[in-house]
>>> print(open('start39.cif').read())   # mmCIF, C-alpha atoms
data_final
#
loop_
_atom_site.label_atom_id
_atom_site.label_comp_id
_atom_site.auth_asym_id
_atom_site.auth_seq_id
_atom_site.Cartn_x
_atom_site.Cartn_y
_atom_site.Cartn_z
CA MET A 1 136.12 64.79 49.71
CA THR A 2 134.81 67.64 51.79
CA GLN A 3 133.35 67.10 55.21
CA ASP A 4 130.01 68.77 55.67
CA LEU A 5 129.31 71.03 58.57
CA TYR A 6 126.28 70.10 60.57
CA ARG A 7 123.19 71.84 59.40
CA ARG A 8 121.67 74.44 61.65
CA SER A 9 119.74 72.76 64.50
CA ASP A 10 116.04 73.45 64.31
CA GLY A 11 115.13 73.39 67.98
CA ALA A 12 118.03 75.50 69.21
CA HIS A 13 117.49 78.95 67.77
CA PRO A 14 114.79 81.59 68.11
CA ALA A 15 112.36 82.19 65.25
CA ASN A 16 113.17 85.46 63.51
CA LEU A 17 109.52 86.42 63.84
CA SER A 18 109.05 86.44 67.62
CA PRO A 19 106.34 89.09 68.08
CA GLU A 20 106.78 89.48 71.85
CA TYR A 21 110.08 91.10 70.92
CA LYS A 22 108.49 94.07 69.20
CA SER A 23 111.31 94.90 66.79
CA THR A 24 111.02 91.53 65.04
CA PRO A 25 107.87 92.03 62.90
CA GLY A 26 109.51 94.94 61.08
CA ARG A 27 112.76 93.11 60.46
CA ALA A 28 112.12 89.38 60.23
CA PRO A 29 112.24 87.79 56.77
CA ARG A 30 108.94 86.01 55.98
CA GLN A 31 109.95 83.77 53.07
CA PRO A 32 111.64 80.49 53.90
CA ALA A 33 115.41 80.56 53.52
CA ILE A 34 116.67 78.40 50.66
CA VAL A 35 118.79 75.51 51.89
CA LEU A 36 122.21 75.67 50.26
CA PRO A 37 124.51 72.71 49.97
CA HIS A 38 127.79 73.51 51.68
CA THR A 39 130.37 74.66 49.17
CA LEU A 40 133.75 76.26 49.70
CA SER A 41 131.92 79.54 50.27
CA GLU A 42 130.20 78.16 53.37
CA ILE A 43 132.88 75.88 54.83
CA THR A 44 135.58 78.53 54.73
CA GLY A 45 135.37 81.74 56.74
CA PRO A 46 137.39 84.47 58.37
CA LEU A 47 139.91 83.16 60.89
CA LEU A 48 141.16 86.67 61.71
CA GLU A 49 144.68 85.34 62.06
CA THR A 50 146.25 88.69 61.32
CA GLU A 51 144.08 90.59 63.80
CA ARG A 52 146.38 92.04 66.46
CA LEU A 53 145.02 92.03 69.98
CA ASP A 54 146.36 94.13 72.82
CA ALA A 55 147.34 92.23 75.97
CA LEU A 56 144.60 93.96 77.98
CA GLU A 57 141.73 93.53 75.57
CA ASN A 58 140.28 90.71 77.68
CA ASP A 59 140.45 92.76 80.87
CA LEU A 60 137.64 95.30 80.68
CA THR A 61 138.66 96.73 84.06
CA LYS A 62 142.03 97.90 82.76
CA GLN A 63 141.15 99.77 79.59
CA ARG A 64 140.92 103.23 81.11
CA SER A 65 143.00 105.21 83.58
CA GLY A 66 141.16 104.01 86.69
CA GLU A 67 139.14 101.09 88.03
CA PRO A 68 135.53 100.92 86.90
CA LEU A 69 132.75 100.84 89.50
CA GLY A 70 130.83 97.66 90.17
CA GLU A 71 131.33 94.03 91.00
CA ARG A 72 134.47 92.60 89.38
CA ILE A 73 133.89 89.17 87.84
CA VAL A 74 135.77 86.51 85.88
CA VAL A 75 133.91 85.14 82.85
CA HIS A 76 135.54 82.13 81.28
CA GLY A 77 134.78 78.97 79.38
CA ARG A 78 135.55 77.00 76.26
CA VAL A 79 134.59 77.31 72.65
CA LEU A 80 133.56 73.85 71.48
CA ASP A 81 131.78 72.24 68.59
CA GLU A 82 128.84 69.86 68.79
CA ASN A 83 131.21 66.89 68.93
CA GLY A 84 132.79 68.32 72.05
CA LYS A 85 135.94 69.23 70.17
CA ALA A 86 137.69 72.47 71.05
CA VAL A 87 137.63 75.28 68.49
CA PRO A 88 141.28 76.32 68.82
CA LYS A 89 142.30 79.96 68.47
CA ALA A 90 138.69 81.09 68.18
CA MET A 91 138.23 84.85 68.29
CA VAL A 92 135.78 85.79 71.07
CA GLU A 93 134.37 89.31 71.17
CA ILE A 94 132.15 90.70 73.93
CA TRP A 95 130.37 93.92 74.72
CA GLN A 96 128.17 94.97 77.61
CA CYS A 97 126.76 97.85 79.62
CA ASN A 98 128.35 99.08 82.83
CA ALA A 99 127.35 98.24 86.41
CA ALA A 100 124.64 100.90 86.31
CA GLY A 101 123.04 99.46 83.17
CA ARG A 102 124.33 102.03 80.67
CA TYR A 103 126.23 101.34 77.44
CA HIS A 104 129.10 103.48 76.34
CA HIS A 105 127.20 104.16 73.15
CA PRO A 106 125.64 107.38 71.82
CA GLY A 107 122.32 105.61 71.21
CA ASP A 108 121.86 104.60 74.84
CA GLN A 109 119.71 107.26 76.51
CA HIS A 110 118.96 105.35 79.73
CA ASP A 111 119.03 107.68 82.74
CA ALA A 112 121.95 105.95 84.46
CA PRO A 113 125.52 107.19 84.81
CA LEU A 114 128.28 106.47 82.35
CA ASP A 115 131.46 105.24 84.00
CA PRO A 116 134.49 107.02 82.57
CA ASN A 117 136.54 103.97 83.48
CA PHE A 118 134.38 101.46 81.66
CA TYR A 119 134.14 101.12 77.91
CA GLY A 120 132.52 97.69 77.86
CA GLY A 121 134.17 96.02 74.87
CA GLY A 122 136.64 93.15 74.92
CA ARG A 123 138.24 90.58 72.68
CA VAL A 124 140.39 87.54 73.23
CA ARG A 125 141.70 84.68 71.14
CA ALA A 126 140.94 81.30 72.71
CA ASP A 127 143.90 78.99 73.30
CA GLU A 128 144.52 75.63 71.59
CA ASP A 129 141.90 74.01 73.85
CA GLY A 130 139.32 76.68 73.04
CA ARG A 131 139.69 78.27 76.49
CA TYR A 132 138.99 81.95 76.90
CA GLN A 133 138.77 84.32 79.85
CA PHE A 134 137.61 87.86 80.47
CA ILE A 135 137.85 90.05 83.56
CA THR A 136 134.98 92.49 83.66
CA ILE A 137 132.31 94.17 85.78
CA LYS A 138 128.94 92.55 86.31
CA PRO A 139 126.59 94.40 83.95
CA GLY A 140 123.43 95.99 85.34
CA ALA A 141 119.85 95.44 84.21
CA TYR A 142 118.28 98.25 82.18
CA PRO A 143 114.84 99.29 80.90
CA TRP A 144 114.21 99.07 77.15
CA LYS A 145 110.62 100.15 76.31
CA ASN A 146 109.68 96.92 74.50
CA HIS A 147 106.53 96.80 76.65
CA HIS A 148 105.36 98.38 79.88
CA ASN A 149 108.09 98.17 82.51
CA ALA A 150 110.38 96.07 80.32
CA TRP A 151 113.86 95.35 81.71
CA ARG A 152 116.65 93.41 80.07
CA PRO A 153 118.18 90.87 82.41
CA ALA A 154 121.91 91.46 82.96
CA HIS A 155 123.75 90.06 79.96
CA ILE A 156 127.02 90.09 78.05
CA HIS A 157 126.95 89.98 74.24
CA PHE A 158 129.21 87.36 72.64
CA SER A 159 130.36 87.20 69.02
CA LEU A 160 132.11 84.15 67.56
CA PHE A 161 133.27 83.20 64.10
CA GLY A 162 134.32 79.58 64.41
CA PRO A 163 136.03 77.84 61.51
CA ALA A 164 133.59 78.73 58.71
CA PHE A 165 131.21 81.32 57.32
CA ALA A 166 128.42 78.90 58.30
CA THR A 167 129.47 78.76 61.98
CA ARG A 168 129.15 82.50 62.68
CA LEU A 169 127.25 83.13 65.91
CA ILE A 170 126.23 86.17 67.90
CA THR A 171 124.57 85.47 71.22
CA GLN A 172 124.08 86.75 74.76
CA MET A 173 125.24 85.29 78.06
CA TYR A 174 122.94 85.65 81.06
CA PHE A 175 123.49 85.13 84.77
CA PRO A 176 122.06 82.06 86.52
CA GLN A 177 118.59 82.28 88.02
CA ASP A 178 118.15 85.95 87.16
CA PRO A 179 114.50 86.71 88.03
CA LEU A 180 114.22 88.99 84.98
CA LEU A 181 114.79 86.06 82.58
CA ALA A 182 111.18 84.95 82.98
CA PHE A 183 109.98 88.28 81.55
CA ASP A 184 112.50 88.80 78.77
CA PRO A 185 111.16 88.26 75.23
CA ILE A 186 114.65 88.04 73.70
CA TYR A 187 115.76 85.21 76.00
CA ASN A 188 112.34 83.54 75.77
CA ALA A 189 112.33 83.66 71.97
CA VAL A 190 114.71 80.70 72.20
CA PRO A 191 112.79 77.41 72.56
CA ALA A 192 112.48 76.06 76.10
CA GLY A 193 115.10 73.43 76.67
CA ALA A 194 117.63 75.41 74.64
CA ARG A 195 117.40 78.88 76.18
CA GLU A 196 118.85 77.60 79.46
CA ARG A 197 122.17 77.10 77.62
CA LEU A 198 122.50 80.88 77.58
CA GLN A 199 122.83 81.02 81.37
CA ALA A 200 126.39 80.97 82.62
CA ALA A 201 127.11 78.73 85.61
CA PHE A 202 128.33 80.21 88.85
CA ASP A 203 131.81 78.71 89.21
CA MET A 204 132.95 78.60 92.83
CA GLU A 205 136.12 76.77 91.92
CA SER A 206 137.31 79.57 89.66
CA THR A 207 136.49 82.42 92.02
CA ARG A 208 139.52 84.36 93.16
CA PRO A 209 139.50 84.74 96.94
CA GLU A 210 139.46 88.36 98.12
CA TRP A 211 139.15 89.48 94.50
CA ALA A 212 136.35 88.26 92.18
CA LEU A 213 133.51 85.78 91.67
CA ALA A 214 133.60 83.63 88.54
CA TYR A 215 131.09 82.48 85.94
CA LYS A 216 131.62 79.75 83.37
CA PHE A 217 130.08 79.98 79.91
CA ASP A 218 130.91 77.36 77.31
CA ILE A 219 129.92 78.23 73.77
CA VAL A 220 129.05 75.43 71.36
CA LEU A 221 129.28 76.09 67.63
CA ARG A 222 128.09 73.84 64.84
CA GLY A 223 130.25 70.78 64.35
CA ARG A 224 131.09 68.48 61.48
CA ASN A 225 129.53 65.23 60.49
CA ALA A 226 131.63 62.31 61.62
CA THR A 227 131.19 60.70 58.23
CA PRO A 228 132.13 62.68 55.17
CA LEU A 229 129.16 63.33 52.92
CA GLU A 230 129.00 63.82 49.23
CA ASN A 231 126.65 66.37 47.80
CA MET B 1 127.64 65.70 73.37
CA PRO B 2 127.33 69.41 74.00
CA GLN B 3 124.41 71.15 72.35
CA VAL B 4 124.69 74.15 70.11
CA THR B 5 124.47 77.60 71.71
CA PRO B 6 121.34 79.49 70.60
CA SER B 7 121.55 82.73 68.65
CA GLN B 8 120.50 86.11 70.04
CA THR B 9 120.19 89.55 68.49
CA ILE B 10 123.23 91.78 68.14
CA GLY B 11 121.08 94.55 69.68
CA PRO B 12 121.52 98.24 69.01
CA PHE B 13 124.66 98.87 71.08
CA TYR B 14 127.33 96.63 69.55
CA TRP B 15 129.17 99.62 68.16
CA GLY B 16 131.51 99.95 71.14
CA THR B 17 133.31 96.69 70.50
CA VAL B 18 133.24 96.06 66.83
CA VAL B 19 134.24 99.56 65.84
CA LYS B 20 137.78 98.54 66.71
CA ALA B 21 137.53 95.64 64.31
CA TYR B 22 136.01 97.45 61.36
CA ARG B 23 137.28 96.34 58.03
CA ALA B 24 135.68 98.21 55.20
CA ASP B 25 138.74 98.14 52.95
CA LEU B 26 139.59 94.54 52.11
CA ALA B 27 142.14 95.14 49.39
CA PRO B 28 145.24 97.13 50.29
CA PRO B 29 147.54 98.23 47.46
CA GLY B 30 149.25 95.34 45.72
CA VAL B 31 146.31 92.93 45.90
CA ALA B 32 145.57 91.48 42.46
CA GLY B 33 142.24 91.92 40.74
CA GLU B 34 139.63 94.36 39.56
CA ARG B 35 138.99 96.92 42.32
CA LEU B 36 135.39 97.41 43.29
CA SER B 37 133.36 99.62 45.51
CA VAL B 38 130.43 97.65 46.94
CA VAL B 39 127.52 99.50 48.56
CA LEU B 40 125.04 97.36 50.49
CA THR B 41 121.91 99.04 51.84
CA LEU B 42 119.70 97.47 54.48
CA HIS B 43 115.91 97.95 54.41
CA ASP B 44 113.26 96.74 56.83
CA VAL B 45 109.96 95.08 55.98
CA GLN B 46 108.36 98.47 55.23
CA GLY B 47 111.23 99.49 52.97
CA ALA B 48 112.69 102.00 55.44
CA VAL B 49 116.47 102.03 55.80
CA VAL B 50 118.00 100.31 58.83
CA PRO B 51 120.59 102.65 60.35
CA ASP B 52 121.72 100.31 63.14
CA GLY B 53 122.57 97.12 61.27
CA LEU B 54 125.87 95.40 60.61
CA PHE B 55 127.09 93.79 57.40
CA GLU B 56 129.85 91.24 57.15
CA ILE B 57 131.22 89.97 53.86
CA TRP B 58 133.37 86.96 53.00
CA GLN B 59 134.79 86.27 49.57
CA ALA B 60 137.44 84.54 47.51
CA ASN B 61 140.30 86.53 46.01
CA SER B 62 140.50 87.42 42.33
CA HIS B 63 141.92 83.99 41.54
CA GLY B 64 138.94 82.29 43.14
CA ARG B 65 140.86 81.13 46.20
CA TYR B 66 139.56 81.45 49.74
CA ASN B 67 142.16 82.37 52.34
CA HIS B 68 141.34 79.37 54.51
CA PRO B 69 142.89 75.94 55.13
CA GLU B 70 139.79 74.16 53.72
CA ASP B 71 140.55 75.61 50.30
CA ARG B 72 143.43 73.36 49.27
CA ARG B 73 143.42 74.15 45.55
CA ASN B 74 146.64 75.16 43.92
CA LEU B 75 145.72 78.79 43.28
CA PRO B 76 147.56 81.91 44.43
CA LEU B 77 146.86 83.55 47.78
CA ASP B 78 147.32 87.32 47.91
CA ALA B 79 149.36 88.75 50.75
CA GLY B 80 147.19 91.20 52.61
CA PHE B 81 143.89 89.87 51.29
CA GLU B 82 141.90 87.89 53.82
CA GLY B 83 138.52 88.32 52.12
CA TYR B 84 136.64 89.39 55.23
CA GLY B 85 134.92 92.73 55.74
CA ARG B 86 132.68 94.23 58.40
CA ALA B 87 130.95 97.57 58.64
CA SER B 88 127.88 98.92 60.39
CA THR B 89 125.18 100.67 58.41
CA PHE B 90 125.22 104.42 58.17
CA THR B 91 122.25 106.71 58.86
CA ASP B 92 121.17 106.02 55.25
CA GLY B 93 121.25 102.26 55.85
CA SER B 94 124.32 101.72 53.71
CA SER B 95 127.76 100.21 54.20
CA THR B 96 130.50 100.66 51.64
CA PHE B 97 133.30 98.15 51.11
CA THR B 98 136.35 98.43 48.90
CA THR B 99 137.48 95.09 47.57
CA VAL B 100 138.37 93.15 44.43
CA LYS B 101 136.06 91.10 42.25
CA PRO B 102 136.12 87.51 43.49
CA GLY B 103 137.08 84.73 41.11
CA ARG B 104 134.91 81.67 40.55
CA VAL B 105 134.87 78.81 43.03
CA PRO B 106 133.80 75.22 42.38
CA TRP B 107 130.40 73.67 42.94
CA PRO B 108 130.63 70.37 44.82
CA ALA B 109 128.77 68.39 42.15
CA GLY B 110 131.00 69.74 39.38
CA GLY B 111 131.20 72.99 37.47
CA MET B 112 131.87 76.44 38.82
CA GLN B 113 129.87 79.04 40.71
CA ALA B 114 129.59 82.57 39.36
CA PRO B 115 131.58 85.26 41.18
CA HIS B 116 129.79 86.14 44.42
CA ILE B 117 130.30 87.72 47.80
CA ASN B 118 128.84 86.00 50.85
CA VAL B 119 126.94 88.41 53.10
CA SER B 120 125.87 88.20 56.76
CA ILE B 121 123.35 90.64 58.20
CA PHE B 122 122.90 91.47 61.87
CA ALA B 123 120.58 94.03 63.44
CA ARG B 124 118.48 94.88 66.43
CA GLY B 125 115.24 92.96 65.92
CA LEU B 126 116.99 90.15 64.05
CA LEU B 127 117.36 87.19 66.38
CA ASN B 128 119.59 85.24 64.00
CA ARG B 129 122.32 86.11 61.55
CA VAL B 130 120.71 86.08 58.12
CA ALA B 131 122.84 85.13 55.14
CA THR B 132 122.63 85.97 51.48
CA ARG B 133 124.91 86.31 48.45
CA MET B 134 125.72 89.21 46.20
CA TYR B 135 126.22 88.44 42.49
CA PHE B 136 127.27 90.84 39.75
CA ASP B 137 124.52 91.77 37.32
CA GLY B 138 125.53 91.10 33.74
CA ASP B 139 128.28 88.59 34.54
CA PRO B 140 127.94 85.87 31.89
CA ALA B 141 128.73 83.19 34.52
CA ASN B 142 125.44 83.97 36.30
CA ALA B 143 123.51 81.98 33.69
CA GLU B 144 125.14 78.74 34.81
CA ASP B 145 125.38 79.43 38.54
CA PRO B 146 123.86 76.50 40.48
CA VAL B 147 122.72 78.70 43.38
CA LEU B 148 120.96 81.25 41.19
CA LYS B 149 119.29 78.33 39.43
CA MET B 150 117.81 77.24 42.78
CA VAL B 151 116.09 80.61 43.10
CA ASP B 152 112.71 81.47 41.57
CA PRO B 153 113.61 83.66 38.54
CA ALA B 154 111.26 86.38 39.80
CA ARG B 155 113.35 86.72 42.97
CA ARG B 156 116.81 86.41 41.40
CA PRO B 157 117.22 90.17 40.95
CA THR B 158 117.33 90.51 44.76
CA LEU B 159 120.79 88.88 44.59
CA LEU B 160 122.17 90.92 41.68
CA ALA B 161 124.16 94.05 42.44
CA LYS B 162 124.00 96.71 39.74
CA LYS B 163 126.69 99.15 38.74
CA ASP B 164 125.75 102.78 39.35
CA GLY B 165 126.83 105.83 37.34
CA LYS B 166 129.99 106.19 39.42
CA GLY B 167 131.04 102.58 38.94
CA ALA B 168 130.04 101.32 42.41
CA TRP B 169 128.20 98.02 42.73
CA ARG B 170 124.99 98.57 44.66
CA LEU B 171 122.70 96.01 46.22
CA PRO B 172 119.68 96.92 48.34
CA ILE B 173 118.91 94.17 50.85
CA HIS B 174 115.30 93.97 51.98
CA LEU B 175 114.63 92.03 55.16
CA GLY B 176 110.98 91.67 54.12
CA GLY B 177 108.19 93.20 52.10
CA PRO B 178 107.43 92.84 48.39
CA ASN B 179 111.12 92.95 47.45
CA GLU B 180 112.31 90.59 50.18
CA THR B 181 115.85 89.45 49.48
CA VAL B 182 116.47 85.75 49.02
CA PHE B 183 118.16 84.46 52.16
CA PHE B 184 119.95 81.15 52.45
CA ASP B 185 119.92 78.49 55.11
CA ILE B 186 123.57 77.58 55.31
#
>>> encode(input="start39.cif", output="structure tokens")
Amino acid sequence: MTQDLYRRSDGAHPANLSPEYKSTPGRAPRQPAIVLPHTLSEITGPLLETERLDALENDLTKQRSGEPLGERIVVHGRVLDENGKAVPKAMVEIWQCNAAGRYHHPGDQHDAPLDPNFYGGGRVRADEDGRYQFITIKPGAYPWKNHHNAWRPAHIHFSLFGPAFATRLITQMYFPQDPLLAFDPIYNAVPAGARERLQAAFDMESTRPEWALAYKFDIVLRGRNATPLEN
Amino acid sequence: MPQVTPSQTIGPFYWGTVVKAYRADLAPPGVAGERLSVVLTLHDVQGAVVPDGLFEIWQANSHGRYNHPEDRRNLPLDAGFEGYGRASTFTDGSSTFTTVKPGRVPWPAGGMQAPHINVSIFARGLLNRVATRMYFDGDPANAEDPVLKMVDPARRPTLLAKKDGKGAWRLPIHLGGPNETVFFDI
């Protein structure tokens, strides 16, 4: 008997059509998605077990010849499921702009300097308890032309696979109490009561004296029903 | 209990990280099965190509076995074949994967599914991953596939890749508009 994954939670995710975010009307599907029973195709998924990671891939301050500019931070947390169980060995990928608010990407034309010592991409495999950690630079805010005087709050993009095709998640981590959150249509596309989960917590206990502040961001993927279900 | 983390868009600037993890060729030499070139093309609601999207694919091997501990059937695994691919869209909206034709996998209520490739789509302007399936036009197993049967016959062609003159399997994926692809809530 196969255990079902939890279905997608209704109140947790943004609607694809969220018109305040002006790119959505041109790209959001309008027809309702057809609910599929979970078969082997959905409950299996890439575990990326053969993916080789360099030792420094989770330290974004050590990927170039020198130290990047900006405020060094520790970002850490756990990858869990909705039952509070760790997702062991989960691959965690991140990407972000530099301290000035500029991505190392040819499409980013924001008038802010590139930092030759900051690439902005990192990966790590969580441990058996789902724990992960990155060392990075606090990303800057940047303007994005969605509406007059639109600025993205500082954020780090996170990509997770989890144990199944169905558990795939791409999200963004924000910083606590950022005043720009109130004006950001991407953050606010998530229902109130759920969007707050995207704010990391300032973590005094994990700060490293004389070296870096720390933020904690736990990521919760879909879990499994406690009772096995039959389709 | 902890509550699920909400989804956010991949945005336009993901390229920096995932370029290192690109996997457009799923089937190195020695992997069993019929070799295929699969070309997926992403279109927006107006039909224009999406040059800044990302496709991911997940499939069984040619024997119909997923490389995953949940698939406990006694079927061969192929060394070097994980079944996962990822590639961003090109300026023409397309991503090309080299792989093998997947075998059939079971349907929970009995019977078998037709060969298919599971597809995830990410893009700027898409706040959630959207998921669909690619089937092979003309495969006799399609007639008895339980998922295709769930789909309005008028929309089934949106899931059927067609072979082009050069032998590549092509599937345009429309995020919206009159030819909107059938997406699945998984």
>>> closest_residue(input="start39.cif", among="A:Phe161, A:Pro153, A:Ile94, A:Glu49", to="Asn188 of chain A", atoms="all atoms listed in the file")
A:Pro153
>>> residues_around(input="start39.cif", residues="Glu144 of chain B", least_positions_apart="3", cutoff="8 Å", atoms="only C-alpha atoms", output="list of chain:residue names")
B:Gln113, B:Ala114, B:Ala141, B:Lys149
>>> resolve_selection(input="start39.cif", expression="the PyMOL selection byres ((chain B and resi 108) around 7)", output="tab-separated table (two decimals) with C-alpha atoms, in the frame of the given file")
chain	number	residue	atom	x	y	z
A	39	THR	CA	130.37	74.66	49.17
A	231	ASN	CA	126.65	66.37	47.80
B	106	PRO	CA	133.80	75.22	42.38
B	107	TRP	CA	130.40	73.67	42.94
B	109	ALA	CA	128.77	68.39	42.15
B	110	GLY	CA	131.00	69.74	39.38
>>> closest_residue(input="start39.cif", among="B:Pro172, B:Pro6, B:Gly30, B:Gly125", to="Gln199 of chain A", atoms="only C-alpha atoms")
B:Pro6
>>> resolve_selection(input="start39.cif", expression="the PyMOL selection byres ((chain B) within 6 of (chain A))", output="list in words")
Met1, Pro2, Gln3, Val4, Thr5, Pro6, Ser7, Gln8, Thr17, Asp44, Val45, His68, Tyr84, Gly125, Leu127, Leu175, Gly176, Phe183, Phe184, Asp185 and Ile186 of chain B
>>> resolve_selection(input="start39.cif", expression="the PyMOL selection byres ((chain B and resi 136) around 6)", output="list in words")
Tyr135, Asp137, Asp139, Leu160 and Ala161 of chain B
>>> atom_distance(input="start39.cif", atom1="atom CA of Arg131 of chain A", atom2="atom CA of Pro69 of chain B")
21.7 Å
